[in-house]
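Have a look at input-v3.cif; it's mmCIF, C-alpha atoms and all ligand atoms:
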```cif
data_final
loop_
_atom_site.label_atom_id
_atom_site.label_comp_id
_atom_site.auth_asym_id
_atom_site.auth_seq_id
_atom_site.Cartn_x
_atom_site.Cartn_y
_atom_site.Cartn_z
CA MET D 1 97.34 104.76 72.31
CA ASN D 2 100.21 102.56 73.43
CA ASN D 3 101.66 100.01 71.05
CA ILE D 4 101.72 96.37 72.09
CA TYR D 5 105.29 95.94 70.79
CA ASN D 6 106.46 98.50 73.36
CA LEU D 7 105.84 96.00 76.17
CA THR D 8 108.38 93.54 77.51
CA LEU D 9 107.16 90.18 78.79
CA ASN D 10 107.27 91.60 82.29
CA ASP D 11 105.23 94.65 81.23
CA LEU D 12 102.59 92.41 79.62
CA GLU D 13 102.31 90.27 82.75
CA GLU D 14 101.99 93.36 84.92
CA TYR D 15 99.41 94.77 82.57
CA PHE D 16 97.18 91.70 82.86
CA VAL D 17 97.52 91.69 86.64
CA SER D 18 96.59 95.40 86.68
CA ILE D 19 93.31 94.68 84.88
CA GLY D 20 92.47 91.83 87.23
CA GLU D 21 93.52 89.01 84.90
CA LYS D 22 95.96 86.15 85.38
CA LYS D 23 99.61 86.93 84.90
CA PHE D 24 100.16 84.05 82.45
CA LYS D 25 98.03 85.82 79.86
CA GLY D 26 101.03 88.09 79.37
CA GLN D 27 103.05 85.07 78.38
CA GLN D 28 100.33 83.96 75.96
CA VAL D 29 100.22 87.31 74.21
CA PHE D 30 104.03 87.47 74.08
CA ASP D 31 103.98 84.06 72.42
CA TRP D 32 101.44 85.18 69.81
CA LEU D 33 103.48 88.27 69.02
CA TYR D 34 106.98 86.82 68.83
CA ARG D 35 106.64 83.06 68.25
CA LYS D 36 103.55 82.81 66.13
CA LYS D 37 104.06 86.35 64.83
CA VAL D 38 100.38 87.11 64.30
CA LYS D 39 99.43 90.44 62.75
CA SER D 40 96.19 91.12 64.63
CA PHE D 41 94.66 90.59 68.05
CA ASP D 42 91.85 88.54 66.49
CA GLU D 43 94.34 85.80 65.66
CA MET D 44 95.13 85.25 69.36
CA THR D 45 92.63 82.42 69.49
CA ASN D 46 93.38 81.08 72.96
CA LEU D 47 92.26 84.40 74.51
CA LYS D 48 88.63 85.06 75.41
CA LYS D 49 86.70 87.46 73.16
CA ASP D 50 86.39 90.09 75.89
CA ILE D 51 90.15 90.09 76.50
CA ILE D 52 90.76 90.54 72.80
CA GLU D 53 88.39 93.51 72.89
CA VAL D 54 90.25 95.04 75.83
CA LEU D 55 93.53 94.67 73.96
CA LYS D 56 92.10 96.18 70.81
CA ASN D 57 90.74 99.15 72.74
CA ASN D 58 94.03 99.81 74.50
CA PHE D 59 96.81 98.92 72.11
CA GLU D 60 97.85 99.44 68.54
CA MET D 61 99.77 96.78 66.68
CA ASN D 62 101.16 97.48 63.22
CA THR D 63 102.00 101.11 62.71
CA ILE D 64 104.97 101.11 60.38
CA SER D 65 105.07 99.93 56.79
CA ILE D 66 107.68 99.14 54.17
CA THR D 67 107.36 101.63 51.34
CA LYS D 68 110.37 100.66 49.26
CA VAL D 69 112.81 97.75 48.98
CA GLU D 70 116.03 97.94 46.98
CA LYS D 71 117.89 94.68 46.44
CA ASP D 72 121.44 93.92 45.47
CA ILE D 73 123.06 90.45 45.43
CA ASP D 74 123.50 89.95 49.15
CA VAL D 75 121.95 93.07 50.61
CA SER D 76 118.52 94.70 50.68
CA LYS D 77 117.60 98.16 51.87
CA TYR D 78 114.17 98.80 53.35
CA LEU D 79 112.53 102.17 53.62
CA PHE D 80 109.84 102.42 56.30
CA ARG D 81 107.10 104.95 56.74
CA LEU D 82 106.25 105.62 60.38
CA LYS D 83 102.90 106.60 61.78
CA ASP D 84 103.70 110.32 61.61
CA ASP D 85 105.01 109.96 58.03
CA GLU D 86 108.65 110.19 59.09
CA LYS D 87 110.97 107.70 57.42
CA VAL D 88 113.81 105.45 58.48
CA GLU D 89 115.78 102.65 56.87
CA ALA D 90 117.02 99.19 57.72
CA VAL D 91 119.53 97.07 55.83
CA LEU D 92 119.47 93.29 55.54
CA MET D 93 122.73 91.47 54.84
CA ASP D 94 123.07 87.81 53.85
CA HIS D 95 126.08 86.33 55.59
CA LEU D 96 127.27 82.75 55.47
CA TYR D 97 126.33 82.51 59.14
CA GLY D 98 122.82 83.92 58.77
CA ASN D 99 120.79 87.04 58.05
CA SER D 100 121.85 90.19 59.76
CA LEU D 101 119.62 93.25 60.01
CA CYS D 102 120.98 96.74 60.63
CA ILE D 103 118.22 98.80 62.26
CA SER D 104 117.70 102.51 62.90
CA THR D 105 117.01 103.96 66.34
CA GLN D 106 116.15 107.61 65.63
CA VAL D 107 114.75 109.79 62.88
CA GLY D 108 117.89 111.78 62.08
CA CYS D 109 120.78 112.07 64.55
CA ASN D 110 122.21 114.84 66.69
CA MET D 111 125.78 113.63 67.04
CA GLY D 112 126.96 115.59 64.02
CA CYS D 113 129.87 113.35 62.97
CA LYS D 114 131.43 115.22 60.07
CA PHE D 115 131.82 112.20 57.80
CA CYS D 116 128.34 110.74 58.20
CA GLU D 117 125.49 111.37 55.80
CA SER D 118 122.81 110.26 58.26
CA GLY D 119 124.01 112.85 60.75
CA ARG D 120 123.34 115.72 58.37
CA LEU D 121 119.63 115.39 59.07
CA LYS D 122 119.18 116.66 62.62
CA LYS D 123 117.34 114.42 65.04
CA ILE D 124 113.61 114.76 64.64
CA ARG D 125 112.68 112.23 67.27
CA ASN D 126 113.58 108.97 68.96
CA LEU D 127 112.09 105.75 67.66
CA GLU D 128 109.88 104.00 70.13
CA THR D 129 110.68 100.40 71.01
CA HIS D 130 107.85 99.12 68.83
CA GLU D 131 109.29 100.91 65.80
CA MET D 132 112.56 99.04 66.26
CA ILE D 133 110.74 95.72 66.81
CA GLU D 134 108.55 96.27 63.79
CA GLN D 135 111.59 96.85 61.55
CA VAL D 136 112.64 93.29 62.44
CA LEU D 137 109.20 91.71 62.07
CA LYS D 138 108.36 93.48 58.81
CA VAL D 139 111.67 92.57 57.17
CA GLU D 140 111.33 88.92 58.24
CA GLU D 141 107.89 88.85 56.71
CA GLU D 142 109.01 90.49 53.47
CA CYS D 143 112.09 88.35 52.91
CA GLY D 144 110.65 85.11 54.27
CA LYS D 145 113.78 84.38 56.29
CA ARG D 146 114.56 84.43 59.97
CA ILE D 147 116.75 87.29 61.13
CA SER D 148 119.53 85.69 63.13
CA HIS D 149 121.64 88.76 63.90
CA ILE D 150 120.82 92.37 64.67
CA VAL D 151 123.25 95.26 64.43
CA ILE D 152 122.04 98.50 65.93
CA MET D 153 124.04 100.72 63.59
CA GLY D 154 121.49 102.32 61.30
CA ILE D 155 120.35 105.91 61.55
CA GLY D 156 120.60 107.45 64.99
CA GLU D 157 122.68 107.21 68.14
CA PRO D 158 121.25 104.25 70.09
CA PHE D 159 122.56 105.46 73.46
CA ASP D 160 120.77 108.79 72.88
CA ASN D 161 117.56 106.72 72.96
CA TYR D 162 118.67 104.49 75.79
CA ASP D 163 115.48 103.38 77.53
CA ASN D 164 113.69 102.42 74.32
CA LEU D 165 116.82 100.64 73.13
CA ILE D 166 117.11 98.53 76.28
CA LYS D 167 113.47 97.47 76.06
CA PHE D 168 114.09 96.48 72.44
CA ILE D 169 117.08 94.37 73.47
CA GLU D 170 115.05 92.77 76.27
CA ILE D 171 112.28 91.76 73.84
CA VAL D 172 114.43 90.41 71.01
CA ASN D 173 116.76 88.63 73.41
CA ASN D 174 114.02 86.99 75.49
CA PRO D 175 114.10 83.19 74.98
CA LYS D 176 110.31 83.25 75.03
CA GLY D 177 110.27 85.98 72.37
CA LEU D 178 112.34 86.41 69.23
CA GLU D 179 115.10 84.50 70.99
CA LEU D 180 118.09 86.16 69.43
CA GLY D 181 121.19 85.24 71.40
CA SER D 182 122.88 88.25 73.00
CA ARG D 183 126.03 87.51 71.10
CA HIS D 184 124.04 87.91 67.92
CA ILE D 185 123.15 91.47 68.86
CA THR D 186 125.59 94.36 68.46
CA VAL D 187 125.00 97.92 69.56
CA SER D 188 127.23 100.67 68.24
CA THR D 189 127.74 104.04 69.93
CA CYS D 190 129.81 107.10 69.18
CA GLY D 191 130.79 107.09 72.86
CA LEU D 192 128.17 108.50 75.23
CA VAL D 193 130.09 107.73 78.40
CA PRO D 194 127.30 107.92 81.02
CA LYS D 195 125.22 105.44 79.03
CA ILE D 196 128.18 103.10 78.50
CA LYS D 197 128.51 103.09 82.30
CA GLU D 198 124.85 102.18 82.72
CA PHE D 199 125.13 99.54 80.02
CA THR D 200 128.09 97.99 81.83
CA LEU D 201 125.83 97.14 84.77
CA LEU D 202 123.13 95.39 82.71
CA PRO D 203 122.97 91.60 82.56
CA TYR D 204 122.86 91.34 78.75
CA GLN D 205 125.82 89.82 76.94
CA VAL D 206 125.21 92.04 73.93
CA ASN D 207 128.27 93.06 71.85
CA LEU D 208 129.39 96.65 72.23
CA ALA D 209 130.99 98.52 69.33
CA ILE D 210 132.50 101.97 69.65
CA SER D 211 132.88 104.38 66.76
CA LEU D 212 136.43 105.49 67.51
CA HIS D 213 137.72 106.78 64.16
CA ALA D 214 140.70 108.66 65.59
CA PRO D 215 143.76 107.81 67.71
CA ASN D 216 143.90 111.14 69.57
CA ASN D 217 141.69 113.98 70.77
CA THR D 218 142.93 116.47 68.17
CA ILE D 219 141.68 114.43 65.24
CA ARG D 220 138.62 113.10 67.05
CA ASP D 221 137.54 116.61 68.08
CA MET D 222 137.72 117.62 64.46
CA ILE D 223 135.50 114.85 63.06
CA MET D 224 133.28 113.88 66.02
CA PRO D 225 131.79 116.70 68.14
CA VAL D 226 130.87 114.15 70.84
CA ASN D 227 134.57 113.95 71.67
CA LYS D 228 134.43 117.44 73.19
CA ALA D 229 131.94 116.17 75.77
CA TYR D 230 133.55 112.76 76.29
CA PRO D 231 137.19 112.86 75.18
CA LEU D 232 139.38 109.78 74.81
CA ASP D 233 140.88 110.16 78.28
CA VAL D 234 137.36 109.62 79.65
CA LEU D 235 136.09 107.16 77.03
CA ILE D 236 139.00 104.72 77.12
CA PRO D 237 139.01 104.23 80.94
CA THR D 238 135.22 103.77 80.80
CA LEU D 239 135.72 100.99 78.26
CA LYS D 240 138.50 99.41 80.30
CA ASP D 241 136.08 99.30 83.20
CA TYR D 242 133.38 97.79 80.94
CA ILE D 243 135.78 95.07 79.82
CA ALA D 244 136.89 94.33 83.39
CA LYS D 245 133.34 94.15 84.77
CA THR D 246 131.70 92.22 81.92
CA ASN D 247 134.61 90.12 80.73
CA ARG D 248 133.60 91.01 77.22
CA ARG D 249 135.55 92.23 74.25
CA VAL D 250 134.93 95.67 72.77
CA THR D 251 134.93 96.34 69.04
CA PHE D 252 136.39 99.60 67.78
CA GLU D 253 135.15 100.85 64.45
CA TYR D 254 137.70 102.93 62.62
CA ILE D 255 136.80 104.57 59.31
CA LEU D 256 139.84 105.35 57.22
CA LEU D 257 139.65 108.89 55.82
CA ASP D 258 142.29 109.82 53.30
CA GLY D 259 144.87 112.15 54.82
CA ILE D 260 142.93 112.63 58.04
CA ASN D 261 143.37 109.59 60.28
CA ASP D 262 145.16 107.05 58.07
CA THR D 263 148.86 107.84 58.40
CA GLU D 264 151.48 105.50 59.81
CA GLU D 265 151.76 107.70 62.92
CA CYS D 266 148.01 107.35 63.42
CA ALA D 267 148.28 103.56 63.19
CA LEU D 268 151.06 103.51 65.79
CA GLU D 269 149.18 105.90 68.05
CA LEU D 270 146.05 103.76 67.72
CA ALA D 271 147.95 100.59 68.59
CA ASN D 272 149.28 102.34 71.64
CA LEU D 273 145.85 103.69 72.66
CA VAL D 274 144.26 100.23 72.79
CA LYS D 275 147.31 98.42 74.12
CA GLY D 276 146.40 95.69 76.62
CA MET D 277 142.66 96.05 76.06
CA ASN D 278 140.50 93.05 75.21
CA CYS D 279 139.33 94.52 71.93
CA TYR D 280 139.46 94.32 68.23
CA ILE D 281 139.61 96.99 65.59
CA ASN D 282 137.38 96.90 62.55
CA LEU D 283 138.86 99.08 59.81
CA ILE D 284 136.12 100.52 57.62
CA PRO D 285 136.82 101.75 54.10
CA TYR D 286 135.02 105.11 54.00
CA ASN D 287 131.91 105.30 51.86
CA GLU D 288 132.08 108.58 50.02
CA THR D 289 128.93 110.62 49.59
CA ASN D 290 128.09 113.57 47.35
CA ASN D 291 127.63 116.04 50.16
CA ILE D 292 130.79 115.41 52.15
CA SER D 293 134.31 116.02 50.91
CA TYR D 294 136.19 113.30 52.83
CA LYS D 295 137.78 110.70 50.61
CA ARG D 296 138.35 107.00 51.03
CA THR D 297 141.90 105.91 51.87
CA LYS D 298 143.62 104.15 48.97
CA LYS D 299 143.79 100.36 49.06
CA GLU D 300 147.55 100.20 49.60
CA ASN D 301 147.34 102.63 52.51
CA ILE D 302 144.54 100.59 54.08
CA SER D 303 146.83 97.56 53.86
CA LYS D 304 149.74 99.50 55.38
CA PHE D 305 147.56 100.68 58.26
CA TYR D 306 146.35 97.13 58.80
CA ASP D 307 149.89 95.73 58.75
CA ILE D 308 151.13 98.20 61.36
CA LEU D 309 148.31 97.22 63.72
CA LYS D 310 148.94 93.52 63.08
CA LYS D 311 152.64 93.96 63.81
CA SER D 312 151.73 95.68 67.06
CA ARG D 313 149.68 92.56 67.87
CA VAL D 314 146.32 94.29 67.78
CA ASN D 315 143.35 92.17 66.65
CA VAL D 316 142.26 93.83 63.46
CA THR D 317 140.01 93.14 60.47
CA ILE D 318 138.99 95.11 57.41
CA ARG D 319 135.23 95.34 57.12
CA ARG D 320 133.66 93.58 54.19
CA GLU D 321 131.64 96.01 52.14
CA TYR D 322 127.96 95.76 51.51
CA GLY D 323 125.43 97.77 49.67
CA SER D 324 127.34 100.72 48.26
CA LYS D 325 125.50 100.34 44.92
CA ILE D 326 122.15 100.96 46.56
CA SER D 327 123.44 103.55 49.07
CA ALA D 328 122.83 101.09 51.86
CA ALA D 329 126.32 101.26 53.28
CA CYS D 330 127.32 102.78 56.63
CA GLY D 331 126.80 106.50 56.72
CA GLN D 332 124.71 106.58 53.54
CA LEU D 333 121.26 105.92 54.92
CA ARG D 334 118.49 108.40 54.22
CA SER D 335 120.69 110.43 51.97
CA LYS D 336 117.99 110.63 49.32
CA LYS D 337 115.38 112.83 50.86
CA GLU D 338 113.00 112.70 47.93
CA ASP D 339 111.72 109.18 48.78
N1 LIG D 401 125.50 106.31 66.07
C1 LIG D 401 126.08 105.02 66.16
C2 LIG D 401 125.58 104.01 65.14
C3 LIG D 401 125.37 104.45 63.71
S1 LIG D 401 126.71 104.65 62.61
C4 LIG D 401 127.57 105.11 66.13
O1 LIG D 401 128.09 106.21 65.95
O2 LIG D 401 128.24 104.12 66.33
C5 LIG D 401 127.36 103.09 62.26
C6 LIG D 401 128.84 103.17 61.86
O3 LIG D 401 129.00 103.69 60.52
C7 LIG D 401 129.60 104.09 62.77
O4 LIG D 401 130.84 103.53 63.13
C8 LIG D 401 129.78 105.29 61.88
O5 LIG D 401 130.80 106.08 62.32
C9 LIG D 401 130.02 104.65 60.53
N2 LIG D 401 129.91 105.54 59.38
C10 LIG D 401 129.26 106.72 59.29
N3 LIG D 401 129.40 107.26 58.08
C11 LIG D 401 130.17 106.40 57.36
C12 LIG D 401 130.65 106.39 56.02
N4 LIG D 401 130.34 107.36 55.16
N5 LIG D 401 131.40 105.35 55.62
C13 LIG D 401 131.67 104.34 56.47
N6 LIG D 401 131.24 104.29 57.73
C14 LIG D 401 130.49 105.31 58.19
#
```

Let me see the file written as structure tokens.
Amino acid sequence: MNNIYNLTLNDLEEYFVSIGEKKFKGQQVFDWLYRKKVKSFDEMTNLKKDIIEVLKNNFEMNTISITKVEKDIDVSKYLFRLKDDEKVEAVLMDHLYGNSLCISTQVGCNMGCKFCESGRLKKIRNLETHEMIEQVLKVEEECGKRISHIVIMGIGEPFDNYDNLIKFIEIVNNPKGLELGSRHITVSTCGLVPKIKEFTLLPYQVNLAISLHAPNNTIRDMIMPVNKAYPLDVLIPTLKDYIAKTNRRVTFEYILLDGINDTEECALELANLVKGMNCYINLIPYNETNNISYKRTKKENISKFYDILKKSRVNVTIRREYGSKISAACGQLRSKKED
């Protein structure tokens, strides 16, 4: 059975037309789902009983559930059970500017980045659009606050689940739906070039973040297998084209790994790599995990790296850290399989 949260507004309108009903019913249902946020078809009281029956017979609604919440001061980690008993996580962060939710897009991940805990579990399947939507709705319900920002940086490679991802963006971004401004949505990819090219042509003003993590192919090949398929000499021109066509700025995420990619030469090489691009670099202190031997760069070396980039007039920030106490930080999700 299809899930109602898989349908965009357009899909809902087409659905009603296909069953001989008026198109505007699609709009009504969309409103119930994303404005009034009802939990059952029976609550859609401006629809006739027989329409409600048709919907009930053809669509599911709530299929995922929160099975565990861990809270720290300004961060909460949610564990979800999916219909087939698989599990994923989402992380809610309280910022001064609002509530930001980091959602997962796949069960496991196939990209195999050497430093990432989530990537150690091979991809089991893609999440459907409704499973991404439901992460947002369920967390809003549990915490009683509106989610104002979404970062698509949880478990999985979003561009390896492209079609479901784009439908998700369409639904949350729709002014008649959850109405999250595009600039409040960020999607992060390890660099799947063909999908970045497709994404360039879409009308959404969603922020694009790239997991770069190395200033040259030698180091990137070593820590990110995806670089063998789409090396920097292909990735960087693709991003330059994205920036030119969309007029948007790209964010580069750069984890600092002690002794691997954090030397002064690396900083200079990185500055040179992104020279002239409308971008900024987000330096990420590495979150160490039990199963991976990479170590976090020492504080003074992080500062040195930062200073070199600054001096080279690169826009750079050091990422504020959230959630390491409850293993909710980047690269730590689903590391405890016993849950
Ligand atoms: N697959 C997507 C999104 C998920 S990862 C991507 O690669 O962008 C989100 C970010 O966390 C990525 O930049 C990823 O490289 C980073 N990350 C992974 N493991 C980490 C760790 N242990 N410490 C800090 N950041 C990590």

- prompt: Using only C-alpha atoms, which residue out of D:Cys279, D:Val91, D:Ala267, D:Ile103 lies closest to Glu134 (chain D)?
  reply: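 Under the stated criterion, the closest residue is D:Ile103.
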
field: Between CA of Ser211 (chain D) and CA of Cys116 (chain D) - distance in Å to one decimal
entry: 11.6 Å

Produce as an mmCIF file with C-alpha atoms, in the coordinates of the input the set of residues near ligand LIG 401 (chain D), where near means within 7 Å with all atoms listed in the file considered.
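Heads up, here's the output in out.cif:
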```
data_model
loop_
_atom_site.group_PDB
_atom_site.id
_atom_site.type_symbol
_atom_site.label_atom_id
_atom_site.label_comp_id
_atom_site.auth_asym_id
_atom_site.auth_seq_id
_atom_site.Cartn_x
_atom_site.Cartn_y
_atom_site.Cartn_z
ATOM 1 C CA PHE D 115 131.820 112.200 57.800
ATOM 2 C CA CYS D 116 128.340 110.740 58.200
ATOM 3 C CA GLU D 117 125.490 111.370 55.800
ATOM 4 C CA ILE D 152 122.040 98.500 65.930
ATOM 5 C CA MET D 153 124.040 100.720 63.590
ATOM 6 C CA GLY D 154 121.490 102.320 61.300
ATOM 7 C CA ILE D 155 120.350 105.910 61.550
ATOM 8 C CA GLY D 156 120.600 107.450 64.990
ATOM 9 C CA GLU D 157 122.680 107.210 68.140
ATOM 10 C CA PRO D 158 121.250 104.250 70.090
ATOM 11 C CA SER D 188 127.230 100.670 68.240
ATOM 12 C CA THR D 189 127.740 104.040 69.930
ATOM 13 C CA CYS D 190 129.810 107.100 69.180
ATOM 14 C CA ALA D 209 130.990 98.520 69.330
ATOM 15 C CA ILE D 210 132.500 101.970 69.650
ATOM 16 C CA SER D 211 132.880 104.380 66.760
ATOM 17 C CA GLU D 253 135.150 100.850 64.450
ATOM 18 C CA TYR D 254 137.700 102.930 62.620
ATOM 19 C CA ILE D 255 136.800 104.570 59.310
ATOM 20 C CA ILE D 284 136.120 100.520 57.620
ATOM 21 C CA PRO D 285 136.820 101.750 54.100
ATOM 22 C CA TYR D 286 135.020 105.110 54.000
ATOM 23 C CA ASN D 287 131.910 105.300 51.860
ATOM 24 C CA GLU D 288 132.080 108.580 50.020
ATOM 25 C CA THR D 289 128.930 110.620 49.590
ATOM 26 C CA ALA D 329 126.320 101.260 53.280
ATOM 27 C CA CYS D 330 127.320 102.780 56.630
ATOM 28 C CA GLY D 331 126.800 106.500 56.720
ATOM 29 C CA GLN D 332 124.710 106.580 53.540
#
```

- prompt: Rounded to one decimal in Å, what is the spacing between CA of Glu43 (chain D) and CA of Phe24 (chain D)?
  reply: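 The value is 17.9 Å.
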
Identify the residues around (144.9, 112.9, 67.8) within a radius of 12 Å, measuring from all atoms listed in the file in the coordinates stated by the file, and give them as a compact mmCIF listing (two decimals) with C-alpha atoms, in the frame of the given file.
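Written output follows (result-v5.txt):
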```txt
# COMPACT_ATOMS: atom_id res chain seq x y z
CA LEU D 212 136.43 105.49 67.51
CA HIS D 213 137.72 106.78 64.16
CA ALA D 214 140.70 108.66 65.59
CA PRO D 215 143.76 107.81 67.71
CA ASN D 216 143.90 111.14 69.57
CA ASN D 217 141.69 113.98 70.77
CA THR D 218 142.93 116.47 68.17
CA ILE D 219 141.68 114.43 65.24
CA ARG D 220 138.62 113.10 67.05
CA ASP D 221 137.54 116.61 68.08
CA MET D 222 137.72 117.62 64.46
CA ILE D 223 135.50 114.85 63.06
CA MET D 224 133.28 113.88 66.02
CA ASN D 227 134.57 113.95 71.67
CA PRO D 231 137.19 112.86 75.18
CA LEU D 232 139.38 109.78 74.81
CA ASP D 233 140.88 110.16 78.28
CA ILE D 260 142.93 112.63 58.04
CA ASN D 261 143.37 109.59 60.28
CA ASP D 262 145.16 107.05 58.07
CA THR D 263 148.86 107.84 58.40
CA GLU D 265 151.76 107.70 62.92
CA CYS D 266 148.01 107.35 63.42
CA ALA D 267 148.28 103.56 63.19
CA LEU D 268 151.06 103.51 65.79
CA GLU D 269 149.18 105.90 68.05
CA LEU D 270 146.05 103.76 67.72
CA LEU D 273 145.85 103.69 72.66
```

- request: Might you pull out every residue within 10 Å of Met44 (chain D), with only C-alpha atoms counted and same-chain residues fewer than 4 positions away left off, and present them as a list in words?
  value: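 Returned residues: Gln28, Val29, Asp31, Trp32, Leu33, Lys36, Val38, Lys39, Ser40, Lys48, Lys49, Ile51 and Ile52 of chain D.
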